[in-house]
$ cat run_24.cif   # mmCIF, C-alpha atoms
data_target
loop_
_atom_site.label_atom_id
_atom_site.label_comp_id
_atom_site.auth_asym_id
_atom_site.auth_seq_id
_atom_site.Cartn_x
_atom_site.Cartn_y
_atom_site.Cartn_z
CA MET R 8 -16.42 -34.04 9.20
CA ARG R 9 -16.38 -34.48 12.98
CA ALA R 10 -12.59 -34.10 13.08
CA ASP R 11 -12.88 -30.73 11.32
CA ARG R 12 -15.58 -29.67 13.76
CA LEU R 13 -13.42 -30.62 16.75
CA VAL R 14 -10.54 -28.55 15.39
CA SER R 15 -12.89 -25.60 14.80
CA LEU R 16 -14.21 -25.94 18.36
CA VAL R 17 -10.69 -25.76 19.79
CA LEU R 18 -9.85 -22.74 17.61
CA LEU R 19 -12.99 -20.93 18.75
CA LEU R 20 -12.11 -21.47 22.40
CA ARG R 21 -8.50 -20.41 21.83
CA GLN R 22 -9.42 -17.20 20.04
CA ARG R 23 -12.53 -16.11 21.94
CA GLY R 24 -11.94 -17.54 25.37
CA ARG R 25 -14.91 -18.83 27.37
CA LEU R 26 -18.01 -19.71 25.33
CA THR R 27 -21.31 -21.29 26.30
CA ALA R 28 -22.57 -24.49 24.74
CA ASP R 29 -25.31 -22.50 22.98
CA ALA R 30 -22.77 -20.05 21.52
CA LEU R 31 -20.58 -22.90 20.29
CA ALA R 32 -23.60 -24.60 18.77
CA ARG R 33 -24.49 -21.46 16.82
CA GLU R 34 -20.94 -21.02 15.56
CA LEU R 35 -20.58 -24.65 14.52
CA GLU R 36 -24.17 -24.94 13.24
CA VAL R 37 -24.89 -28.04 15.30
CA SER R 38 -27.09 -28.86 18.28
CA THR R 39 -26.11 -28.16 21.89
CA ARG R 40 -26.13 -31.91 22.52
CA THR R 41 -23.55 -32.38 19.74
CA VAL R 42 -21.35 -29.70 21.31
CA LEU R 43 -21.47 -31.47 24.68
CA ARG R 44 -20.48 -34.77 23.04
CA ASP R 45 -17.62 -33.02 21.25
CA ILE R 46 -16.41 -31.49 24.53
CA GLU R 47 -16.35 -34.96 26.07
CA ALA R 48 -14.40 -36.31 23.07
CA LEU R 49 -11.83 -33.53 23.38
CA SER R 50 -11.38 -34.16 27.09
CA ALA R 51 -10.92 -37.87 26.45
CA ALA R 52 -8.26 -37.02 23.83
CA GLY R 53 -6.30 -34.98 26.36
CA VAL R 54 -7.32 -31.49 25.29
CA PRO R 55 -7.51 -29.42 28.52
CA VAL R 56 -11.08 -28.10 28.12
CA TYR R 57 -13.06 -27.44 31.28
CA ALA R 58 -16.51 -26.15 32.25
CA GLU R 59 -17.24 -23.18 34.48
CA ARG R 60 -20.59 -23.01 36.23
CA GLY R 61 -22.69 -19.96 36.96
CA ARG R 62 -24.30 -17.06 35.13
CA HIS R 63 -21.15 -16.23 33.17
CA GLY R 64 -19.97 -19.79 32.83
CA GLY R 65 -19.16 -21.83 29.78
CA PHE R 66 -16.36 -23.89 28.34
CA ALA R 67 -12.74 -22.80 28.14
CA LEU R 68 -9.23 -24.11 27.58
CA LEU R 69 -6.55 -24.06 30.22
CA PRO R 70 -4.36 -20.95 29.79
CA GLY R 71 -1.32 -21.50 27.61
CA PHE R 72 -2.72 -24.47 25.70
CA GLN R 73 -1.15 -24.52 22.23
CA THR R 74 -1.46 -26.93 19.32
CA GLU R 75 1.67 -27.05 17.18
CA LEU R 76 2.58 -28.30 13.74
CA THR R 77 5.42 -30.66 14.57
CA GLY R 78 8.61 -29.98 12.61
CA LEU R 79 7.31 -26.92 10.74
CA ASN R 80 10.12 -24.39 10.38
CA HIS R 81 9.80 -20.67 9.73
CA ASP R 82 10.24 -20.82 5.93
CA GLU R 83 7.76 -23.70 5.61
CA ALA R 84 5.18 -21.76 7.62
CA LEU R 85 5.77 -18.68 5.48
CA ALA R 86 5.37 -20.73 2.29
CA LEU R 87 1.97 -21.99 3.50
CA LEU R 88 0.78 -18.50 4.37
CA VAL R 89 1.85 -17.08 1.01
CA ALA R 90 0.79 -20.03 -1.18
CA GLY R 91 -2.94 -19.35 -0.89
CA THR R 92 -3.29 -16.20 -2.95
CA ARG R 93 -6.57 -14.31 -3.10
CA ARG R 94 -6.91 -14.71 -6.86
CA GLY R 95 -6.18 -18.44 -6.76
CA ALA R 96 -8.79 -18.95 -4.07
CA GLN R 97 -11.43 -17.13 -6.11
CA VAL R 98 -10.62 -18.90 -9.36
CA PHE R 99 -10.82 -22.38 -7.83
CA GLY R 100 -13.76 -21.62 -5.59
CA LEU R 101 -11.76 -22.31 -2.43
CA GLY R 102 -12.07 -18.96 -0.70
CA SER R 103 -13.76 -20.22 2.47
CA ALA R 104 -11.63 -23.37 2.62
CA LEU R 105 -8.47 -21.31 2.19
CA ALA R 106 -9.46 -18.91 4.96
CA SER R 107 -10.15 -21.84 7.28
CA ALA R 108 -6.88 -23.55 6.40
CA MET R 109 -4.82 -20.40 6.91
CA LEU R 110 -6.52 -19.84 10.27
CA LYS R 111 -5.50 -23.35 11.35
CA VAL R 112 -1.95 -22.91 10.11
CA VAL R 113 -1.46 -19.63 11.95
CA ASP R 114 -3.05 -20.99 15.12
CA ALA R 115 -0.93 -24.12 15.08
CA LEU R 116 2.36 -22.31 14.58
CA PRO R 117 4.78 -22.38 17.50
CA GLU R 118 4.69 -19.09 19.36
CA SER R 119 8.25 -18.24 18.26
CA TYR R 120 7.22 -18.43 14.57
CA ARG R 121 3.74 -16.93 14.61
CA ALA R 122 4.57 -13.24 14.85
CA THR R 123 7.49 -13.26 12.42
CA ALA R 124 5.75 -15.45 9.82
CA GLY R 125 2.56 -13.39 9.99
CA ASP R 126 4.46 -10.12 9.52
CA ALA R 127 6.51 -11.57 6.66
CA ALA R 128 3.41 -12.90 4.87
CA GLN R 129 1.76 -9.46 4.74
CA ARG R 130 4.83 -8.10 2.96
CA LEU R 131 4.42 -10.42 -0.04
CA LEU R 132 1.69 -9.80 -2.63
CA ILE R 133 1.24 -12.55 -5.22
CA ASP R 134 -0.38 -11.77 -8.60
CA PRO R 135 -2.22 -8.48 -8.01
CA GLU R 136 -4.91 -7.42 -10.48
CA THR R 137 -2.62 -5.11 -12.50
CA ASP R 138 1.02 -4.63 -13.27
CA LEU R 139 2.52 -1.21 -13.97
CA LEU R 140 1.67 -1.39 -17.68
CA SER R 141 -1.58 -3.43 -17.48
CA ARG R 142 -0.09 -6.07 -19.76
CA ARG R 143 1.20 -9.61 -19.65
CA LEU R 144 4.94 -9.78 -19.26
CA VAL R 145 7.39 -12.62 -19.78
CA ALA R 146 8.60 -14.13 -16.52
CA GLU R 147 12.11 -13.01 -15.64
CA GLU R 148 14.85 -14.84 -13.82
CA VAL R 149 16.49 -13.08 -10.89
CA PRO R 150 19.58 -14.59 -9.19
CA ASP R 151 18.67 -16.33 -5.93
CA GLY R 152 21.35 -14.48 -4.00
CA ILE R 153 19.91 -11.08 -4.93
CA VAL R 154 16.33 -12.06 -4.15
CA THR R 155 17.38 -13.61 -0.84
CA GLU R 156 19.20 -10.46 0.24
CA ILE R 157 16.26 -8.25 -0.72
CA ARG R 158 13.78 -10.54 1.03
CA ARG R 159 15.86 -10.52 4.22
CA ALA R 160 15.86 -6.73 4.31
CA VAL R 161 12.12 -6.58 3.67
CA PHE R 162 11.29 -9.06 6.43
CA ALA R 163 13.82 -7.72 8.92
CA GLY R 164 12.80 -4.10 8.35
CA HIS R 165 16.34 -3.03 7.50
CA LYS R 166 17.57 -0.53 4.94
CA LEU R 167 18.66 -2.01 1.63
CA ARG R 168 21.48 -1.00 -0.71
CA ILE R 169 20.93 -1.98 -4.33
CA HIS R 170 22.94 -1.61 -7.52
CA TYR R 171 20.16 -0.73 -9.93
CA ALA R 172 20.13 -0.40 -13.72
CA ALA R 173 17.27 1.92 -14.64
CA VAL R 174 16.20 2.08 -18.29
CA ASP R 175 18.69 4.01 -20.46
CA GLN R 176 20.77 4.94 -17.41
CA THR R 177 24.14 3.91 -16.03
CA PRO R 178 23.71 1.48 -13.08
CA THR R 179 24.12 3.24 -9.73
CA TRP R 180 24.06 2.28 -6.06
CA ARG R 181 21.17 3.60 -4.02
CA THR R 182 19.96 3.04 -0.45
CA VAL R 183 16.22 2.49 0.04
CA ASP R 184 13.72 1.64 2.76
CA PRO R 185 12.02 -1.59 1.58
CA ILE R 186 8.27 -1.93 2.09
CA GLY R 187 7.33 -5.16 0.33
CA LEU R 188 7.68 -7.46 -2.68
CA VAL R 189 5.12 -7.84 -5.45
CA THR R 190 4.89 -10.25 -8.38
CA ALA R 191 2.78 -9.25 -11.38
CA ARG R 192 2.45 -11.47 -14.44
CA GLY R 193 5.85 -13.03 -14.02
CA GLN R 194 7.62 -9.80 -13.05
CA GLY R 195 9.00 -9.12 -9.58
CA TYR R 196 9.01 -5.66 -8.01
CA LEU R 197 10.37 -4.12 -4.83
CA LEU R 198 8.18 -1.42 -3.31
CA ALA R 199 10.28 0.97 -1.28
CA THR R 200 10.82 4.58 -0.35
CA ARG R 201 13.92 6.66 -0.98
CA SER R 202 14.39 9.86 1.00
CA GLY R 203 10.71 9.59 1.87
CA ALA R 204 9.50 9.33 -1.76
CA ASP R 205 7.73 6.24 -3.14
CA ARG R 206 9.87 4.11 -5.45
CA THR R 207 9.19 0.89 -7.38
CA TYR R 208 12.15 -1.20 -8.54
CA ARG R 209 12.02 -4.08 -11.00
CA LEU R 210 13.92 -7.02 -9.50
CA SER R 211 15.41 -8.07 -12.83
CA ARG R 212 17.22 -4.73 -12.97
CA VAL R 213 18.84 -5.14 -9.57
CA LEU R 214 22.43 -6.16 -10.25
CA ALA R 215 23.43 -6.56 -6.61
CA ALA R 216 21.83 -6.11 -3.20
CA GLU R 217 23.06 -5.69 0.35
CA GLU R 218 21.00 -5.70 3.54
CA LEU R 219 22.17 -2.94 5.89
CA PRO R 220 22.01 -3.08 9.70
CA GLU R 221 20.13 0.23 10.03
CA PRO R 222 16.36 -0.01 10.56
CA ALA R 223 14.19 1.02 7.61
CA GLN R 224 11.96 4.07 7.91
CA ARG R 225 8.56 2.55 7.17
CA PRO R 226 5.15 1.98 8.83
CA ASP R 227 4.73 -1.07 11.03
CA ARG R 228 1.86 -2.36 8.90
CA VAL R 229 1.29 -2.16 5.17
CA ASP R 230 -1.54 -2.86 2.70
CA LEU R 231 0.48 -3.98 -0.31
CA ASP R 232 -2.57 -4.41 -2.53
CA ARG R 233 -3.60 -0.80 -1.99
CA ALA R 234 -0.02 0.48 -2.31
CA TRP R 235 0.39 -1.35 -5.61
CA GLN R 236 -2.88 -0.01 -7.00
CA GLU R 237 -1.93 3.56 -6.06
CA ARG R 238 1.51 3.30 -7.67
CA SER R 239 0.07 1.64 -10.75
CA THR R 240 -2.44 4.47 -11.13
CA ARG R 241 0.24 7.15 -10.73
CA PHE R 242 2.42 5.38 -13.27
CA ARG R 243 -0.35 5.31 -15.87
CA MET R 244 -1.26 8.95 -15.31
CA GLY R 245 2.34 10.10 -15.68
CA GLY R 246 4.40 10.57 -18.82
CA ASP R 247 3.33 11.84 -22.25
CA ARG R 248 0.41 9.53 -22.97
CA VAL R 249 -0.56 8.95 -26.60
CA THR R 250 -4.04 8.09 -27.92
CA VAL R 251 -4.14 6.11 -31.18
CA LEU R 252 -7.01 5.19 -33.51
CA VAL R 253 -6.40 1.71 -34.97
CA ARG R 254 -8.04 -0.60 -37.52
CA LEU R 255 -7.30 -4.14 -36.45
CA ALA R 256 -7.79 -7.76 -37.46
CA PRO R 257 -10.04 -9.33 -34.78
CA ALA R 258 -7.59 -12.18 -34.22
CA ARG R 259 -4.97 -9.68 -33.01
CA ARG R 260 -7.21 -7.79 -30.58
CA GLU R 261 -5.75 -9.44 -27.47
CA ASP R 262 -2.21 -8.72 -28.65
CA LEU R 263 -3.01 -5.02 -28.89
CA VAL R 264 -5.10 -4.72 -25.75
CA SER R 265 -2.53 -6.54 -23.63
CA THR R 266 0.10 -3.90 -24.47
CA ALA R 267 -2.06 -0.76 -24.29
CA LEU R 268 -2.73 1.21 -21.12
CA THR R 269 -6.45 1.62 -21.78
CA VAL R 270 -9.09 0.98 -24.44
CA ARG R 271 -11.21 4.14 -24.74
CA ALA R 272 -13.56 3.04 -27.52
CA GLU R 273 -14.20 0.00 -29.72
CA GLU R 274 -16.53 -0.86 -32.61
CA ALA R 275 -16.80 -3.42 -35.40
CA GLU R 276 -16.62 -2.27 -39.01
CA ALA R 277 -18.62 -3.65 -41.93
CA ASP R 278 -15.69 -5.68 -43.24
CA GLY R 279 -15.25 -7.44 -39.89
CA ARG R 280 -12.20 -5.52 -38.74
CA LEU R 281 -12.22 -3.65 -35.46
CA ARG R 282 -11.76 0.06 -34.88
CA LEU R 283 -10.24 0.83 -31.48
CA GLU R 284 -9.15 3.98 -29.70
CA VAL R 285 -6.34 3.01 -27.34
CA THR R 286 -3.90 4.83 -25.08
CA PHE R 287 -0.17 4.17 -24.78
CA GLN R 288 2.38 5.44 -22.28
CA ASP R 289 4.28 7.54 -24.84
CA SER R 290 5.20 7.74 -28.53
CA ARG R 291 7.84 5.00 -28.33
CA HIS R 292 5.34 2.67 -26.64
CA ALA R 293 2.74 3.34 -29.38
CA GLU R 294 5.22 2.83 -32.23
CA TRP R 295 6.52 -0.42 -30.73
CA ALA R 296 3.04 -1.85 -30.12
CA LEU R 297 1.74 -1.11 -33.63
CA TRP R 298 4.93 -2.34 -35.29
CA GLN R 299 4.57 -5.74 -33.60
CA LEU R 300 1.20 -6.24 -35.32
CA ALA R 301 2.60 -5.64 -38.84
CA ALA R 302 -0.13 -5.59 -41.54
CA ASP R 303 -2.81 -6.82 -39.11
CA ALA R 304 -3.11 -3.28 -37.72
CA GLU R 305 -3.32 0.14 -39.35
CA ALA R 306 -2.81 3.30 -37.35
CA LEU R 307 -5.44 5.79 -38.58
CA ALA R 308 -4.37 8.60 -36.27
CA PRO R 309 -2.32 10.50 -35.24
CA GLU R 310 -0.66 11.33 -38.54
CA TRP R 311 2.86 11.42 -37.08
CA LEU R 312 2.52 7.76 -36.07
CA ARG R 313 1.38 6.78 -39.58
CA THR R 314 4.41 8.60 -41.00
CA THR R 315 6.79 6.99 -38.52
CA LEU R 316 5.51 3.48 -39.27
CA ARG R 317 5.53 4.09 -43.04
CA ASP R 318 9.12 5.36 -42.98
CA ARG R 319 10.17 2.43 -40.84
CA ALA R 320 8.52 -0.05 -43.22
CA ALA R 321 10.11 1.65 -46.21
CA ALA R 322 13.53 1.36 -44.63
CA ILE R 323 13.02 -2.34 -44.03
CA ALA R 324 11.75 -2.85 -47.59
CA ALA R 325 14.80 -1.04 -48.98
CA CYS R 326 17.08 -3.19 -46.86
CA TYR R 327 15.57 -6.36 -48.33
CA GLY R 328 15.00 -5.02 -51.85
CA ALA R 329 16.35 -6.75 -54.94
CA SER R 330 20.13 -6.63 -55.03
CA SER R 331 21.86 -5.21 -58.11
#
$ encode --input "run_24.cif" --output "structure tokens"
Amino acid sequence: MRADRLVSLVLLLRQRGRLTADALARELEVSTRTVLRDIEALSAAGVPVYAERGRHGGFALLPGFQTELTGLNHDEALALLVAGTRRGAQVFGLGSALASAMLKVVDALPESYRATAGDAAQRLLIDPETDLLSRRLVAEEVPDGIVTEIRRAVFAGHKLRIHYAAVDQTPTWRTVDPIGLVTARGQGYLLATRSGADRTYRLSRVLAAEELPEPAQRPDRVDLDRAWQERSTRFRMGGDRVTVLVRLAPARREDLVSTALTVRAEEAEADGRLRLEVTFQDSRHAEWALWQLAADAEALAPEWLRTTLRDRAAAIAACYGASS
């Protein structure tokens, strides 16, 4: 406990400059006498802390004093900064401990690493609250070489050339201004702009990537969490959304909800099945989601979806009918 307090005392002096014994005592929630003993212990250990007398006096560190994490390279420092995600801290009840640990890591970084590692860490968002479809997705593998090239461009602030295979389109090369990287339920995404317009690229669809020497046109600072939420909202609001009324076996509720955009209404029926009103991105999305649930789900409306599913089931039944 005392060792942690001594580290916190040094960090307070480094970040705030001169502080009185009373101010340190309030911050550390100890007595002034304890602070004075800690100051003596730090001095004995070789930490250059000194006292200034007078009305505006207090304790301070000699200018330029720096604690360093011996042997910590840039990538190791970046890994520490990124490892403590907000969601993980909340789930495990380690929010305050994580904040304290990250403060110590950043403070102890060598000066040459601190700025670059801090800037790189803010350009990685791990497990945000929503993905583009508000559903769980299977983790995808992306070649290390492609991810490394993309990451270099993001951190360096350089333009990026990617060979991208959009859905139902021929792969094409395009040059973008990378903003940051996001992972959402096992999927990786590149947030970027192209000709000034916001773009989101799925990493698994990037076939090749090349960092360019030209500087990217992007703001110096970015709030990736906010940017992701805004793009996710725009994505859901776009397209030809379809609302479906479904009767569902309770055991399959999570399977349906995890694929839908929204659940607009839900109630239990007398026979135990559930009646849900859910929204899908478009007609193909609705047909695919209901087909996965087979006989555990019945689309009550719209009528065109019932007809589509019935015709599809009839075609399958005919394919597996009794042979002559």
$ resolve_selection --input "run_24.cif" --expression "the PyMOL selection byres ((chain R and resi 293) around 12)" --output "tab-separated table (two decimals) with C-alpha atoms, in the frame of the given file"
chain	number	residue	atom	x	y	z
R	247	ASP	CA	3.33	11.84	-22.25
R	248	ARG	CA	0.41	9.53	-22.97
R	249	VAL	CA	-0.56	8.95	-26.60
R	250	THR	CA	-4.04	8.09	-27.92
R	251	VAL	CA	-4.14	6.11	-31.18
R	252	LEU	CA	-7.01	5.19	-33.51
R	253	VAL	CA	-6.40	1.71	-34.97
R	263	LEU	CA	-3.01	-5.02	-28.89
R	264	VAL	CA	-5.10	-4.72	-25.75
R	266	THR	CA	0.10	-3.90	-24.47
R	267	ALA	CA	-2.06	-0.76	-24.29
R	268	LEU	CA	-2.73	1.21	-21.12
R	284	GLU	CA	-9.15	3.98	-29.70
R	285	VAL	CA	-6.34	3.01	-27.34
R	286	THR	CA	-3.90	4.83	-25.08
R	287	PHE	CA	-0.17	4.17	-24.78
R	288	GLN	CA	2.38	5.44	-22.28
R	289	ASP	CA	4.28	7.54	-24.84
R	290	SER	CA	5.20	7.74	-28.53
R	291	ARG	CA	7.84	5.00	-28.33
R	292	HIS	CA	5.34	2.67	-26.64
R	294	GLU	CA	5.22	2.83	-32.23
R	295	TRP	CA	6.52	-0.42	-30.73
R	296	ALA	CA	3.04	-1.85	-30.12
R	297	LEU	CA	1.74	-1.11	-33.63
R	298	TRP	CA	4.93	-2.34	-35.29
R	299	GLN	CA	4.57	-5.74	-33.60
R	300	LEU	CA	1.20	-6.24	-35.32
R	306	ALA	CA	-2.81	3.30	-37.35
R	308	ALA	CA	-4.37	8.60	-36.27
R	309	PRO	CA	-2.32	10.50	-35.24
R	311	TRP	CA	2.86	11.42	-37.08
R	312	LEU	CA	2.52	7.76	-36.07
R	313	ARG	CA	1.38	6.78	-39.58
R	315	THR	CA	6.79	6.99	-38.52
R	316	LEU	CA	5.51	3.48	-39.27
$ atom_distance --input "run_24.cif" --atom1 "CA of Thr155 (chain R)" --atom2 "CA of Gly195 (chain R)"
12.9 Å
$ closest_residue --input "run_24.cif" --among "R:Phe162, R:Arg130, R:Ser239, R:Gln224" --to "Gly187 (chain R)" --atoms "only C-alpha atoms"
R:Arg130
$ resolve_selection --input "run_24.cif" --expression "the PyMOL selection byres ((chain R and resi 210-221) around 10)" --output "ChimeraX atom specification"
/R:146-150,152-161,163-174,178-184,188-190,194-197,207-209,222-224
$ residues_around --input "run_24.cif" --residues "Gly279 (chain R)" --least-positions-apart "3" --cutoff "10 Å" --atoms "all atoms listed in the file" --output "list in words"
Leu255, Ala256, Pro257, Glu274, Ala275, Glu276 and Arg282 of chain R
$ resolve_selection --input "run_24.cif" --expression "the PyMOL selection byres ((chain R and resi 42-49) around 9)" --output "ChimeraX atom specification"
/R:9,12-13,16-17,28-29,31-32,35,37-41,50-57,66
